[in-house]
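K.L.:
Contents of my_file00.cif (mmCIF, C-alpha atoms (C1' of nucleotides)) are given next:
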```cif
data_query
loop_
_atom_site.group_PDB
_atom_site.id
_atom_site.type_symbol
_atom_site.label_atom_id
_atom_site.label_comp_id
_atom_site.auth_asym_id
_atom_site.auth_seq_id
_atom_site.Cartn_x
_atom_site.Cartn_y
_atom_site.Cartn_z
ATOM 1 C CA MET A 28 -12.414 13.245 -17.053
ATOM 2 C CA LYS A 29 -12.338 9.678 -18.304
ATOM 3 C CA ILE A 30 -15.108 7.111 -18.028
ATOM 4 C CA TYR A 31 -12.916 5.063 -15.741
ATOM 5 C CA ASP A 32 -12.261 7.873 -13.261
ATOM 6 C CA LYS A 33 -15.957 8.238 -12.515
ATOM 7 C CA GLN A 34 -16.215 4.626 -11.373
ATOM 8 C CA ARG A 35 -12.732 3.989 -10.172
ATOM 9 C CA SER A 36 -13.609 3.508 -6.502
ATOM 10 C CA ARG A 37 -16.193 0.910 -7.445
ATOM 11 C CA PHE A 38 -13.597 -1.091 -9.353
ATOM 12 C CA GLU A 39 -11.060 -0.633 -6.591
ATOM 13 C CA ALA A 40 -13.506 -2.168 -4.126
ATOM 14 C CA ARG A 41 -14.087 -5.133 -6.395
ATOM 15 C CA ALA A 42 -10.390 -5.572 -6.991
ATOM 16 C CA SER A 43 -9.708 -5.645 -3.260
ATOM 17 C CA VAL A 44 -12.066 -8.597 -2.842
ATOM 18 C CA LEU A 45 -10.495 -10.424 -5.759
ATOM 19 C CA LYS A 46 -7.015 -9.707 -4.410
ATOM 20 C CA ALA A 47 -7.991 -11.374 -1.180
ATOM 21 C CA LEU A 48 -8.828 -14.486 -3.193
ATOM 22 C CA ALA A 49 -5.855 -14.350 -5.511
ATOM 23 C CA HIS A 50 -3.352 -16.336 -3.489
ATOM 24 C CA PRO A 51 -2.847 -20.105 -3.597
ATOM 25 C CA THR A 52 -2.768 -20.560 0.164
ATOM 26 C CA ARG A 53 -5.909 -18.534 0.656
ATOM 27 C CA LEU A 54 -7.695 -20.435 -2.105
ATOM 28 C CA PHE A 55 -6.740 -23.689 -0.463
ATOM 29 C CA MET A 56 -8.049 -22.525 2.890
ATOM 30 C CA ILE A 57 -11.278 -21.310 1.346
ATOM 31 C CA GLU A 58 -11.832 -24.712 -0.173
ATOM 32 C CA GLU A 59 -11.173 -26.405 3.174
ATOM 33 C CA LEU A 60 -13.315 -23.922 5.078
ATOM 34 C CA ALA A 61 -16.140 -24.701 2.690
ATOM 35 C CA LYS A 62 -16.219 -28.205 4.176
ATOM 36 C CA LYS A 63 -16.111 -27.218 7.830
ATOM 37 C CA SER A 64 -14.696 -24.617 10.165
ATOM 38 C CA TYR A 65 -11.105 -24.926 11.356
ATOM 39 C CA CYS A 66 -9.003 -23.198 13.970
ATOM 40 C CA VAL A 67 -5.797 -21.415 13.042
ATOM 41 C CA CYS A 68 -3.602 -24.198 14.366
ATOM 42 C CA GLU A 69 -5.394 -26.822 12.264
ATOM 43 C CA LEU A 70 -5.074 -24.731 9.120
ATOM 44 C CA THR A 71 -1.429 -24.116 9.949
ATOM 45 C CA GLU A 72 -0.864 -27.857 10.120
ATOM 46 C CA MET A 73 -2.596 -28.334 6.762
ATOM 47 C CA VAL A 74 -0.699 -25.659 4.867
ATOM 48 C CA GLY A 75 2.694 -26.118 6.504
ATOM 49 C CA LEU A 76 3.625 -22.448 6.791
ATOM 50 C CA ASP A 77 4.447 -20.401 9.858
ATOM 51 C CA ILE A 78 1.410 -19.794 12.040
ATOM 52 C CA SER A 79 1.906 -16.047 11.826
ATOM 53 C CA THR A 80 1.748 -16.278 8.052
ATOM 54 C CA VAL A 81 -1.458 -18.298 8.209
ATOM 55 C CA SER A 82 -2.958 -15.875 10.674
ATOM 56 C CA LYS A 83 -2.234 -12.993 8.351
ATOM 57 C CA HIS A 84 -3.782 -14.798 5.400
ATOM 58 C CA LEU A 85 -6.908 -15.407 7.460
ATOM 59 C CA SER A 86 -6.980 -11.792 8.465
ATOM 60 C CA ILE A 87 -6.958 -10.800 4.804
ATOM 61 C CA LEU A 88 -9.906 -13.116 4.123
ATOM 62 C CA LYS A 89 -11.721 -11.732 7.146
ATOM 63 C CA ASN A 90 -11.196 -8.115 6.130
ATOM 64 C CA ALA A 91 -12.517 -8.915 2.688
ATOM 65 C CA GLY A 92 -15.670 -10.304 4.307
ATOM 66 C CA LEU A 93 -15.080 -13.782 2.936
ATOM 67 C CA VAL A 94 -14.916 -15.702 6.215
ATOM 68 C CA ASN A 95 -16.550 -15.687 9.630
ATOM 69 C CA VAL A 96 -14.572 -15.774 12.844
ATOM 70 C CA GLU A 97 -15.612 -17.367 16.110
ATOM 71 C CA LYS A 98 -13.554 -17.537 19.267
ATOM 72 C CA LYS A 99 -13.820 -20.679 21.392
ATOM 73 C CA GLY A 100 -11.601 -20.586 24.454
ATOM 74 C CA LYS A 101 -8.043 -20.182 23.376
ATOM 75 C CA GLN A 102 -8.814 -21.081 19.797
ATOM 76 C CA VAL A 103 -10.152 -19.032 16.917
ATOM 77 C CA PHE A 104 -12.289 -20.814 14.356
ATOM 78 C CA TYR A 105 -12.749 -19.611 10.829
ATOM 79 C CA SER A 106 -15.503 -20.643 8.440
ATOM 80 C CA LEU A 107 -16.487 -19.733 4.895
ATOM 81 C CA ARG A 108 -18.918 -16.886 4.727
ATOM 82 C CA MET A 109 -19.407 -16.220 1.021
ATOM 83 C CA ARG A 110 -20.194 -19.570 -0.486
ATOM 84 C CA CYS A 111 -20.700 -17.947 -3.877
ATOM 85 C CA ALA A 112 -16.922 -17.651 -3.955
ATOM 86 C CA LEU A 113 -16.940 -21.375 -4.673
ATOM 87 C CA ASN A 114 -19.124 -20.971 -7.753
ATOM 88 C CA PHE A 115 -16.773 -18.702 -9.445
ATOM 89 C CA LEU A 116 -13.882 -21.001 -8.858
ATOM 90 C CA ASP A 117 -15.745 -23.128 -11.398
ATOM 91 C CA CYS A 118 -15.303 -20.320 -13.894
ATOM 92 C CA VAL A 119 -11.617 -20.155 -13.041
ATOM 93 C CA GLU A 120 -11.383 -23.881 -13.714
ATOM 94 C CA ALA A 121 -13.035 -23.334 -17.087
ATOM 95 C CA VAL A 122 -10.471 -20.675 -17.902
ATOM 96 C CA LEU A 123 -7.682 -23.072 -16.983
ATOM 97 C CA ARG A 124 -9.118 -25.785 -19.215
ATOM 98 C CA GLU A 125 -9.224 -23.305 -22.100
ATOM 99 C CA GLN A 126 -5.631 -22.307 -21.385
ATOM 100 C CA ALA A 127 -4.602 -25.949 -21.609
ATOM 101 C CA GLN A 128 -6.521 -26.344 -24.863
ATOM 102 C CA ASP A 129 -4.810 -23.278 -26.300
ATOM 103 C CA ARG A 130 -1.448 -24.776 -25.498
ATOM 104 C CA MET A 131 -2.434 -27.981 -27.260
ATOM 105 C CA ASP A 132 -3.562 -26.019 -30.310
ATOM 106 C CA ALA A 133 -0.271 -24.137 -30.350
ATOM 107 C CA ILE A 134 1.665 -27.391 -30.545
ATOM 108 C CA GLN A 135 -0.400 -28.915 -33.355
ATOM 109 C CA MET B 25 4.014 -33.741 3.499
ATOM 110 C CA LYS B 26 1.030 -31.448 4.091
ATOM 111 C CA ILE B 27 -2.339 -31.651 2.381
ATOM 112 C CA TYR B 28 -1.659 -28.337 0.748
ATOM 113 C CA ASP B 29 1.640 -29.370 -0.811
ATOM 114 C CA LYS B 30 0.000 -32.129 -2.798
ATOM 115 C CA GLN B 31 -2.323 -29.703 -4.550
ATOM 116 C CA ARG B 32 -0.269 -26.564 -4.492
ATOM 117 C CA SER B 33 0.230 -26.271 -8.247
ATOM 118 C CA ARG B 34 -3.513 -26.534 -8.774
ATOM 119 C CA PHE B 35 -4.111 -23.621 -6.422
ATOM 120 C CA GLU B 36 -1.274 -21.651 -7.953
ATOM 121 C CA ALA B 37 -2.895 -21.980 -11.355
ATOM 122 C CA ARG B 38 -6.206 -20.767 -9.991
ATOM 123 C CA ALA B 39 -4.560 -17.906 -8.165
ATOM 124 C CA SER B 40 -2.823 -16.738 -11.317
ATOM 125 C CA VAL B 41 -6.175 -16.374 -13.083
ATOM 126 C CA LEU B 42 -7.643 -14.493 -10.138
ATOM 127 C CA LYS B 43 -4.588 -12.245 -9.972
ATOM 128 C CA ALA B 44 -5.162 -11.275 -13.574
ATOM 129 C CA LEU B 45 -8.631 -10.106 -12.552
ATOM 130 C CA ALA B 46 -7.627 -8.458 -9.309
ATOM 131 C CA HIS B 47 -6.830 -4.989 -10.548
ATOM 132 C CA PRO B 48 -9.275 -2.085 -10.872
ATOM 133 C CA THR B 49 -8.177 -1.078 -14.352
ATOM 134 C CA ARG B 50 -8.391 -4.629 -15.637
ATOM 135 C CA LEU B 51 -11.835 -5.090 -14.091
ATOM 136 C CA PHE B 52 -13.011 -1.924 -15.760
ATOM 137 C CA MET B 53 -11.718 -3.097 -19.118
ATOM 138 C CA ILE B 54 -13.329 -6.490 -18.699
ATOM 139 C CA GLU B 55 -16.659 -4.843 -18.083
ATOM 140 C CA GLU B 56 -16.263 -2.664 -21.160
ATOM 141 C CA LEU B 57 -15.043 -5.553 -23.298
ATOM 142 C CA ALA B 58 -18.148 -7.452 -22.275
ATOM 143 C CA LYS B 59 -20.181 -4.887 -24.214
ATOM 144 C CA LYS B 60 -18.078 -4.859 -27.356
ATOM 145 C CA SER B 61 -14.495 -5.219 -28.554
ATOM 146 C CA TYR B 62 -12.198 -2.229 -28.386
ATOM 147 C CA CYS B 63 -8.765 -1.434 -29.719
ATOM 148 C CA VAL B 64 -5.914 -0.501 -27.405
ATOM 149 C CA CYS B 65 -6.141 3.174 -28.254
ATOM 150 C CA GLU B 66 -9.837 3.311 -27.409
ATOM 151 C CA LEU B 67 -9.291 1.598 -24.084
ATOM 152 C CA THR B 68 -6.387 3.936 -23.391
ATOM 153 C CA GLU B 69 -8.665 6.906 -23.952
ATOM 154 C CA MET B 70 -11.261 5.429 -21.594
ATOM 155 C CA VAL B 71 -8.909 4.666 -18.729
ATOM 156 C CA GLY B 72 -6.621 7.678 -19.030
ATOM 157 C CA LEU B 73 -3.334 5.887 -18.392
ATOM 158 C CA ASP B 74 -0.264 5.629 -20.593
ATOM 159 C CA ILE B 75 -0.853 3.416 -23.602
ATOM 160 C CA SER B 76 2.073 1.211 -22.620
ATOM 161 C CA THR B 77 0.441 0.604 -19.254
ATOM 162 C CA VAL B 78 -2.853 -0.308 -20.892
ATOM 163 C CA SER B 79 -1.100 -2.605 -23.325
ATOM 164 C CA LYS B 80 0.556 -4.424 -20.453
ATOM 165 C CA HIS B 81 -2.731 -4.817 -18.613
ATOM 166 C CA LEU B 82 -4.270 -6.310 -21.737
ATOM 167 C CA SER B 83 -1.330 -8.624 -22.103
ATOM 168 C CA ILE B 84 -1.955 -9.895 -18.577
ATOM 169 C CA LEU B 85 -5.599 -10.567 -19.418
ATOM 170 C CA LYS B 86 -4.568 -12.281 -22.626
ATOM 171 C CA ASN B 87 -2.027 -14.531 -20.928
ATOM 172 C CA ALA B 88 -4.643 -15.524 -18.373
ATOM 173 C CA GLY B 89 -6.900 -16.572 -21.238
ATOM 174 C CA LEU B 90 -9.565 -14.034 -20.343
ATOM 175 C CA VAL B 91 -9.655 -12.066 -23.580
ATOM 176 C CA ASN B 92 -9.370 -12.667 -27.320
ATOM 177 C CA VAL B 93 -7.111 -10.628 -29.551
ATOM 178 C CA GLU B 94 -7.686 -9.744 -33.168
ATOM 179 C CA LYS B 95 -5.485 -7.606 -35.357
ATOM 180 C CA LYS B 96 -7.151 -5.314 -37.889
ATOM 181 C CA GLY B 97 -4.710 -3.216 -39.855
ATOM 182 C CA LYS B 98 -2.673 -1.115 -37.511
ATOM 183 C CA GLN B 99 -5.034 -1.702 -34.640
ATOM 184 C CA VAL B 100 -5.376 -4.563 -32.192
ATOM 185 C CA PHE B 101 -8.853 -5.329 -30.905
ATOM 186 C CA TYR B 102 -9.532 -7.080 -27.652
ATOM 187 C CA SER B 103 -12.765 -8.768 -26.635
ATOM 188 C CA LEU B 104 -13.966 -10.687 -23.614
ATOM 189 C CA ARG B 105 -13.410 -14.386 -23.902
ATOM 190 C CA MET B 106 -14.570 -15.820 -20.585
ATOM 191 C CA ARG B 107 -18.001 -14.379 -20.054
ATOM 192 C CA CYS B 108 -18.389 -16.395 -16.866
ATOM 193 C CA ALA B 109 -15.968 -13.888 -15.354
ATOM 194 C CA LEU B 110 -18.925 -11.518 -15.315
ATOM 195 C CA ASN B 111 -21.028 -13.870 -13.232
ATOM 196 C CA PHE B 112 -18.621 -13.989 -10.450
ATOM 197 C CA LEU B 113 -18.387 -10.266 -10.307
ATOM 198 C CA ASP B 114 -21.948 -10.602 -9.030
ATOM 199 C CA CYS B 115 -20.593 -12.591 -6.122
ATOM 200 C CA VAL B 116 -18.000 -9.919 -5.506
ATOM 201 C CA GLU B 117 -20.788 -7.355 -5.430
ATOM 202 C CA ALA B 118 -22.608 -9.464 -2.869
ATOM 203 C CA VAL B 119 -19.489 -9.548 -0.722
ATOM 204 C CA LEU B 120 -19.222 -5.775 -0.938
ATOM 205 C CA ARG B 121 -22.846 -5.341 0.117
ATOM 206 C CA GLU B 122 -22.198 -7.560 3.129
ATOM 207 C CA GLN B 123 -19.102 -5.551 3.962
ATOM 208 C CA ALA B 124 -21.200 -2.378 3.945
ATOM 209 C CA GLN B 125 -23.810 -4.023 6.133
ATOM 210 C CA ASP B 126 -21.131 -5.107 8.602
ATOM 211 C CA ARG B 127 -19.930 -1.535 8.861
ATOM 212 C CA MET B 128 -23.476 -0.368 9.576
ATOM 213 C CA ASP B 129 -23.854 -3.017 12.276
ATOM 214 C CA ALA B 130 -20.565 -1.938 13.843
ATOM 215 C CA ILE B 131 -21.824 1.617 14.210
ATOM 216 C CA GLN B 132 -25.158 0.721 15.792
ATOM 217 C "C1'" DT C 12 11.403 4.171 -49.272
ATOM 218 C "C1'" DT C 13 9.888 7.349 -45.949
ATOM 219 C "C1'" DC C 14 6.435 8.898 -42.783
ATOM 220 C "C1'" DA C 15 2.794 8.517 -39.561
ATOM 221 C "C1'" DT C 16 0.086 5.837 -36.460
ATOM 222 C "C1'" DA C 17 -0.710 1.865 -33.305
ATOM 223 C "C1'" DT C 18 1.114 -1.307 -30.287
ATOM 224 C "C1'" DT C 19 4.530 -3.784 -27.677
ATOM 225 C "C1'" DT C 20 8.774 -4.263 -25.107
ATOM 226 C "C1'" DG C 21 12.680 -2.940 -22.010
ATOM 227 C "C1'" DG C 22 14.216 -0.343 -18.236
ATOM 228 C "C1'" DC C 23 13.720 2.020 -14.028
ATOM 229 C "C1'" DA C 24 11.605 3.888 -9.680
ATOM 230 C "C1'" DT C 25 8.246 3.092 -6.371
ATOM 231 C "C1'" DA C 26 4.764 0.553 -3.975
ATOM 232 C "C1'" DA C 27 2.589 -3.547 -2.410
ATOM 233 C "C1'" DT C 28 3.008 -8.639 -0.949
ATOM 234 C "C1'" DA C 29 4.518 -12.507 1.427
ATOM 235 C "C1'" DA C 30 7.461 -15.101 4.337
ATOM 236 C "C1'" DC C 31 9.839 -15.629 8.634
ATOM 237 C "C1'" DC C 32 11.212 -14.501 13.468
ATOM 238 C "C1'" DA C 33 10.419 -12.312 17.720
ATOM 239 C "C1'" DA C 34 7.498 -10.051 20.804
ATOM 240 C "C1'" DA C 35 2.835 -8.947 22.469
ATOM 241 C "C1'" DT C 36 -1.812 -10.364 23.703
ATOM 242 C "C1'" DA C 37 -5.661 -13.645 25.226
ATOM 243 C "C1'" DA C 38 -7.476 -17.393 27.658
ATOM 244 C "C1'" DA C 39 -7.398 -21.366 30.463
ATOM 245 C "C1'" DA C 40 -4.864 -24.436 33.675
ATOM 246 C "C1'" DG C 41 -1.993 -25.283 37.565
ATOM 247 C "C1'" DC D 29 -0.162 -15.234 40.129
ATOM 248 C "C1'" DT D 30 2.583 -17.990 36.918
ATOM 249 C "C1'" DT D 31 2.720 -21.040 33.170
ATOM 250 C "C1'" DT D 32 1.190 -22.913 28.971
ATOM 251 C "C1'" DT D 33 -1.071 -22.802 24.628
ATOM 252 C "C1'" DA D 34 -3.211 -20.202 20.742
ATOM 253 C "C1'" DT D 35 -3.254 -16.268 18.102
ATOM 254 C "C1'" DT D 36 -2.048 -11.702 16.524
ATOM 255 C "C1'" DT D 37 1.066 -7.902 15.628
ATOM 256 C "C1'" DG D 38 5.486 -5.544 14.440
ATOM 257 C "C1'" DG D 39 9.673 -5.631 11.983
ATOM 258 C "C1'" DT D 40 12.814 -7.099 8.225
ATOM 259 C "C1'" DT D 41 13.848 -8.842 3.814
ATOM 260 C "C1'" DA D 42 12.979 -10.652 -0.771
ATOM 261 C "C1'" DT D 43 10.011 -10.845 -4.485
ATOM 262 C "C1'" DT D 44 6.460 -9.120 -7.447
ATOM 263 C "C1'" DA D 45 3.480 -5.541 -9.423
ATOM 264 C "C1'" DT D 46 2.519 -0.996 -11.347
ATOM 265 C "C1'" DG D 47 3.253 3.108 -13.908
ATOM 266 C "C1'" DC D 48 5.865 6.050 -16.867
ATOM 267 C "C1'" DC D 49 9.287 7.059 -20.459
ATOM 268 C "C1'" DA D 50 11.933 5.797 -24.299
ATOM 269 C "C1'" DA D 51 12.939 2.657 -27.825
ATOM 270 C "C1'" DA D 52 11.582 -1.096 -30.886
ATOM 271 C "C1'" DT D 53 8.223 -3.215 -33.986
ATOM 272 C "C1'" DA D 54 4.282 -3.444 -37.261
ATOM 273 C "C1'" DT D 55 1.185 -1.759 -40.577
ATOM 274 C "C1'" DG D 56 -0.550 1.211 -43.945
ATOM 275 C "C1'" DA D 57 -0.233 5.698 -46.490
ATOM 276 C "C1'" DA D 58 2.272 9.060 -49.190
#
```
Can you give me the file's structure in the form of structure tokens?

P.N.:
Amino acid sequence: MKIYDKQRSRFEARASVLKALAHPTRLFMIEELAKKSYCVCELTEMVGLDISTVSKHLSILKNAGLVNVEKKGKQVFYSLRMRCALNFLDCVEAVLREQAQDRMDAIQ
Amino acid sequence: MKIYDKQRSRFEARASVLKALAHPTRLFMIEELAKKSYCVCELTEMVGLDISTVSKHLSILKNAGLVNVEKKGKQVFYSLRMRCALNFLDCVEAVLREQAQDRMDAIQ
DNA sequence: TTCATATTTGGCATAATAACCAAATAAAAG
DNA sequence: CTTTTATTTGGTTATTATGCCAAATATGAA
């Protein structure tokens, strides 16, 4: 029995949340939803993919608990639920800046 | 031309960093590497997967810029580079607690 | 040099993702 | 009730990810 096995389900749960974030379209939508709530058709217009694709992306964010959903008439509005998700995008940006620096160092 | 298209490469870069994190085994290793550096063979013993699998996971973390690598004799030691990655695991934990709460609410 | 140990790389099988289209469902309007 | 609009779901295909084994590489010891 390895150390990892004992805690595997805990790390699987964390990974599933991070997986929900780890897609460019979903990251874009999260950033937009941080500003205000949007319906599926508005988000579809912004991203330029098929509406069924956008709907599925939103469903992934919803299942991960990252967004709220509110139905208004025929439309469904999504909004950002976990605003802390934004904070850690700052860390991701820091990682990217370091990556860029590494590439510079490699050239010199 | 959609809003998203103009910034797509920026979101792709972010997503690639998050993808590197979004795996249970890699999250486990990141948490361990936060405590101290380990060689590949030690990590392999902890996770209980094939050493080639562990090596590939570490390579993914390295390419994302999340860990440092240092060779000492025959062994290769990895250590956590971006400690801010730990902070946002706190956010992930918060999301998971909310998920659990939602499930409780659904039952009641 | 040869051997043993540590790590990485290539190849392959399987599983998971993501995109689209088409069809199903939901809600409001005519 | 039928139509229209908005959204979700099911199905298919293409791409990517994961894990193992075997082979290649690297380092140090004998």

K.L.:
Please tabulate, as JSON lines, the residues of chain B that come within 9 Å of chain C, each with its closest pair of atoms and the distance in Å to one decimal, counting all atoms listed in the file and ordering rows by chain, then residue number upward.

P.N.:
```
{"residue": "B:Val64", "atom": "CA", "partner": "C:DT18", "partner_atom": "C1'", "distance": 7.6}
{"residue": "B:Cys65", "atom": "CA", "partner": "C:DA17", "partner_atom": "C1'", "distance": 7.5}
{"residue": "B:Ile75", "atom": "CA", "partner": "C:DT18", "partner_atom": "C1'", "distance": 8.4}
{"residue": "B:Ser76", "atom": "CA", "partner": "C:DT19", "partner_atom": "C1'", "distance": 7.5}
{"residue": "B:Ser79", "atom": "CA", "partner": "C:DT19", "partner_atom": "C1'", "distance": 7.2}
{"residue": "B:Lys80", "atom": "CA", "partner": "C:DT19", "partner_atom": "C1'", "distance": 8.3}
{"residue": "B:Lys98", "atom": "CA", "partner": "C:DA17", "partner_atom": "C1'", "distance": 5.5}
{"residue": "B:Gln99", "atom": "CA", "partner": "C:DA17", "partner_atom": "C1'", "distance": 5.8}
{"residue": "B:Val100", "atom": "CA", "partner": "C:DT18", "partner_atom": "C1'", "distance": 7.5}
```

K.L.:
Between atom CA of A:Arg35 and atom CA of A:Asn114, what is the distance, to one decimal in Å?

P.N.:
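Rounded to one decimal, the two atoms are 25.9 Å apart.
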
K.L.:
Could you check which residues have any atom within 9 Å of (-16.4, -19.4, -2.5), counting all atoms listed in the file with coordinates taken straight from the file, and then list them as a PDB file with C-alpha atoms, in the coordinates of the input?

P.N.:
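Saved file point_24.pdb follows:
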```pdb
ATOM      1  CA  LEU A  54      -7.695 -20.435  -2.105  1.00  0.00           C
ATOM      2  CA  ILE A  57     -11.278 -21.310   1.346  1.00  0.00           C
ATOM      3  CA  GLU A  58     -11.832 -24.712  -0.173  1.00  0.00           C
ATOM      4  CA  ALA A  61     -16.140 -24.701   2.690  1.00  0.00           C
ATOM      5  CA  LEU A  93     -15.080 -13.782   2.936  1.00  0.00           C
ATOM      6  CA  LEU A 107     -16.487 -19.733   4.895  1.00  0.00           C
ATOM      7  CA  ARG A 108     -18.918 -16.886   4.727  1.00  0.00           C
ATOM      8  CA  MET A 109     -19.407 -16.220   1.021  1.00  0.00           C
ATOM      9  CA  ARG A 110     -20.194 -19.570  -0.486  1.00  0.00           C
ATOM     10  CA  CYS A 111     -20.700 -17.947  -3.877  1.00  0.00           C
ATOM     11  CA  ALA A 112     -16.922 -17.651  -3.955  1.00  0.00           C
ATOM     12  CA  LEU A 113     -16.940 -21.375  -4.673  1.00  0.00           C
ATOM     13  CA  ASN A 114     -19.124 -20.971  -7.753  1.00  0.00           C
ATOM     14  CA  PHE A 115     -16.773 -18.702  -9.445  1.00  0.00           C
ATOM     15  CA  LEU A 116     -13.882 -21.001  -8.858  1.00  0.00           C
TER      16      LEU A 116
ATOM     17  CA  CYS B 115     -20.593 -12.591  -6.122  1.00  0.00           C
TER      18      CYS B 115
END
```

K.L.:
Go ahead and compute the interatomic distance for atom CA of B:Glu69 and atom C1' of D:DC48, in Å to one decimal.

P.N.:
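If I compute the distance from atom CA of B:Glu69 to atom C1' of D:DC48, I get 16.2 Å.
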
K.L.:
Spell out the residues picked by the PyMOL selection byres ((chain D) within 12 of (chain B)) here, as a tab-separated table (two decimals) with C-alpha atoms (C1' of nucleotides), keeping the file's coordinate frame.

P.N.:
```
chain	number	residue	atom	x	y	z
D	44	DT	C1'	6.46	-9.12	-7.45
D	45	DA	C1'	3.48	-5.54	-9.42
D	46	DT	C1'	2.52	-1.00	-11.35
D	47	DG	C1'	3.25	3.11	-13.91
D	48	DC	C1'	5.86	6.05	-16.87
D	49	DC	C1'	9.29	7.06	-20.46
D	50	DA	C1'	11.93	5.80	-24.30
D	53	DT	C1'	8.22	-3.22	-33.99
D	54	DA	C1'	4.28	-3.44	-37.26
D	55	DT	C1'	1.18	-1.76	-40.58
D	56	DG	C1'	-0.55	1.21	-43.94
D	57	DA	C1'	-0.23	5.70	-46.49
```

K.L.:
When you count all atoms listed in the file, which of these residues is closest to chain A: B:Lys86, B:Glu117, B:Val91, B:Ser103?

P.N.:
B:Glu117

K.L.:
How would chain B read as a short mmCIF file (atom, residue, chain, number, x, y, z; two decimals) with C-alpha atoms, keeping the file's coordinate frame after a least-squares superposition onto chain A over every Cα atom, matched in order?

P.N.:
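The new file selection.cif reads:
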```
data_model
loop_
_atom_site.label_atom_id
_atom_site.label_comp_id
_atom_site.auth_asym_id
_atom_site.auth_seq_id
_atom_site.Cartn_x
_atom_site.Cartn_y
_atom_site.Cartn_z
CA MET B 25 -12.42 13.25 -17.15
CA LYS B 26 -12.32 9.66 -18.41
CA ILE B 27 -15.09 7.09 -18.12
CA TYR B 28 -12.91 5.07 -15.82
CA ASP B 29 -12.27 7.88 -13.35
CA LYS B 30 -15.96 8.24 -12.60
CA GLN B 31 -16.23 4.64 -11.44
CA ARG B 32 -12.74 4.01 -10.22
CA SER B 33 -13.62 3.55 -6.55
CA ARG B 34 -16.21 0.95 -7.49
CA PHE B 35 -13.61 -1.06 -9.37
CA GLU B 36 -11.08 -0.60 -6.60
CA ALA B 37 -13.53 -2.11 -4.14
CA ARG B 38 -14.11 -5.08 -6.40
CA ALA B 39 -10.41 -5.53 -6.99
CA SER B 40 -9.71 -5.59 -3.27
CA VAL B 41 -12.08 -8.54 -2.82
CA LEU B 42 -10.51 -10.38 -5.74
CA LYS B 43 -7.03 -9.67 -4.40
CA ALA B 44 -8.00 -11.34 -1.15
CA LEU B 45 -8.83 -14.45 -3.17
CA ALA B 46 -5.86 -14.31 -5.49
CA HIS B 47 -3.35 -16.28 -3.48
CA PRO B 48 -2.83 -20.05 -3.60
CA THR B 49 -2.74 -20.52 0.16
CA ARG B 50 -5.89 -18.49 0.66
CA LEU B 51 -7.69 -20.40 -2.10
CA PHE B 52 -6.72 -23.66 -0.47
CA MET B 53 -8.04 -22.49 2.88
CA ILE B 54 -11.27 -21.28 1.34
CA GLU B 55 -11.83 -24.69 -0.18
CA GLU B 56 -11.16 -26.38 3.15
CA LEU B 57 -13.31 -23.91 5.07
CA ALA B 58 -16.13 -24.69 2.68
CA LYS B 59 -16.20 -28.20 4.13
CA LYS B 60 -16.09 -27.23 7.78
CA SER B 61 -14.68 -24.61 10.14
CA TYR B 62 -11.11 -24.95 11.33
CA CYS B 63 -9.01 -23.24 13.94
CA VAL B 64 -5.80 -21.44 13.03
CA CYS B 65 -3.61 -24.23 14.34
CA GLU B 66 -5.38 -26.84 12.23
CA LEU B 67 -5.06 -24.74 9.10
CA THR B 68 -1.42 -24.11 9.92
CA GLU B 69 -0.83 -27.85 10.10
CA MET B 70 -2.56 -28.33 6.74
CA VAL B 71 -0.66 -25.65 4.85
CA GLY B 72 2.74 -26.09 6.47
CA LEU B 73 3.63 -22.41 6.80
CA ASP B 74 4.45 -20.40 9.90
CA ILE B 75 1.40 -19.82 12.06
CA SER B 76 1.91 -16.07 11.87
CA THR B 77 1.75 -16.27 8.09
CA VAL B 78 -1.46 -18.30 8.23
CA SER B 79 -2.97 -15.89 10.71
CA LYS B 80 -2.24 -12.99 8.39
CA HIS B 81 -3.78 -14.79 5.43
CA LEU B 82 -6.91 -15.40 7.48
CA SER B 83 -6.97 -11.78 8.50
CA ILE B 84 -6.96 -10.79 4.84
CA LEU B 85 -9.90 -13.09 4.15
CA LYS B 86 -11.71 -11.73 7.18
CA ASN B 87 -11.20 -8.10 6.19
CA ALA B 88 -12.51 -8.89 2.72
CA GLY B 89 -15.65 -10.27 4.34
CA LEU B 90 -15.07 -13.76 2.96
CA VAL B 91 -14.91 -15.68 6.22
CA ASN B 92 -16.55 -15.69 9.65
CA VAL B 93 -14.57 -15.81 12.86
CA GLU B 94 -15.61 -17.42 16.10
CA LYS B 95 -13.58 -17.65 19.27
CA LYS B 96 -13.85 -20.81 21.36
CA GLY B 97 -11.63 -20.80 24.41
CA LYS B 98 -8.05 -20.37 23.36
CA GLN B 99 -8.81 -21.19 19.77
CA VAL B 100 -10.16 -19.10 16.93
CA PHE B 101 -12.29 -20.87 14.34
CA TYR B 102 -12.75 -19.64 10.82
CA SER B 103 -15.50 -20.65 8.42
CA LEU B 104 -16.47 -19.72 4.90
CA ARG B 105 -18.91 -16.87 4.75
CA MET B 106 -19.40 -16.19 1.05
CA ARG B 107 -20.19 -19.54 -0.46
CA CYS B 108 -20.70 -17.93 -3.86
CA ALA B 109 -16.91 -17.63 -3.93
CA LEU B 110 -16.94 -21.35 -4.66
CA ASN B 111 -19.10 -20.93 -7.73
CA PHE B 112 -16.74 -18.66 -9.41
CA LEU B 113 -13.88 -20.98 -8.83
CA ASP B 114 -15.75 -23.10 -11.36
CA CYS B 115 -15.31 -20.30 -13.86
CA VAL B 116 -11.63 -20.14 -13.02
CA GLU B 117 -11.41 -23.87 -13.69
CA ALA B 118 -13.05 -23.33 -17.05
CA VAL B 119 -10.48 -20.67 -17.89
CA LEU B 120 -7.69 -23.07 -16.96
CA ARG B 121 -9.13 -25.79 -19.18
CA GLU B 122 -9.23 -23.33 -22.07
CA GLN B 123 -5.66 -22.32 -21.36
CA ALA B 124 -4.62 -25.98 -21.58
CA GLN B 125 -6.54 -26.38 -24.82
CA ASP B 126 -4.83 -23.31 -26.28
CA ARG B 127 -1.46 -24.82 -25.47
CA MET B 128 -2.45 -28.04 -27.24
CA ASP B 129 -3.58 -26.08 -30.29
CA ALA B 130 -0.28 -24.18 -30.33
CA ILE B 131 1.66 -27.43 -30.54
CA GLN B 132 -0.37 -28.96 -33.36
#
```
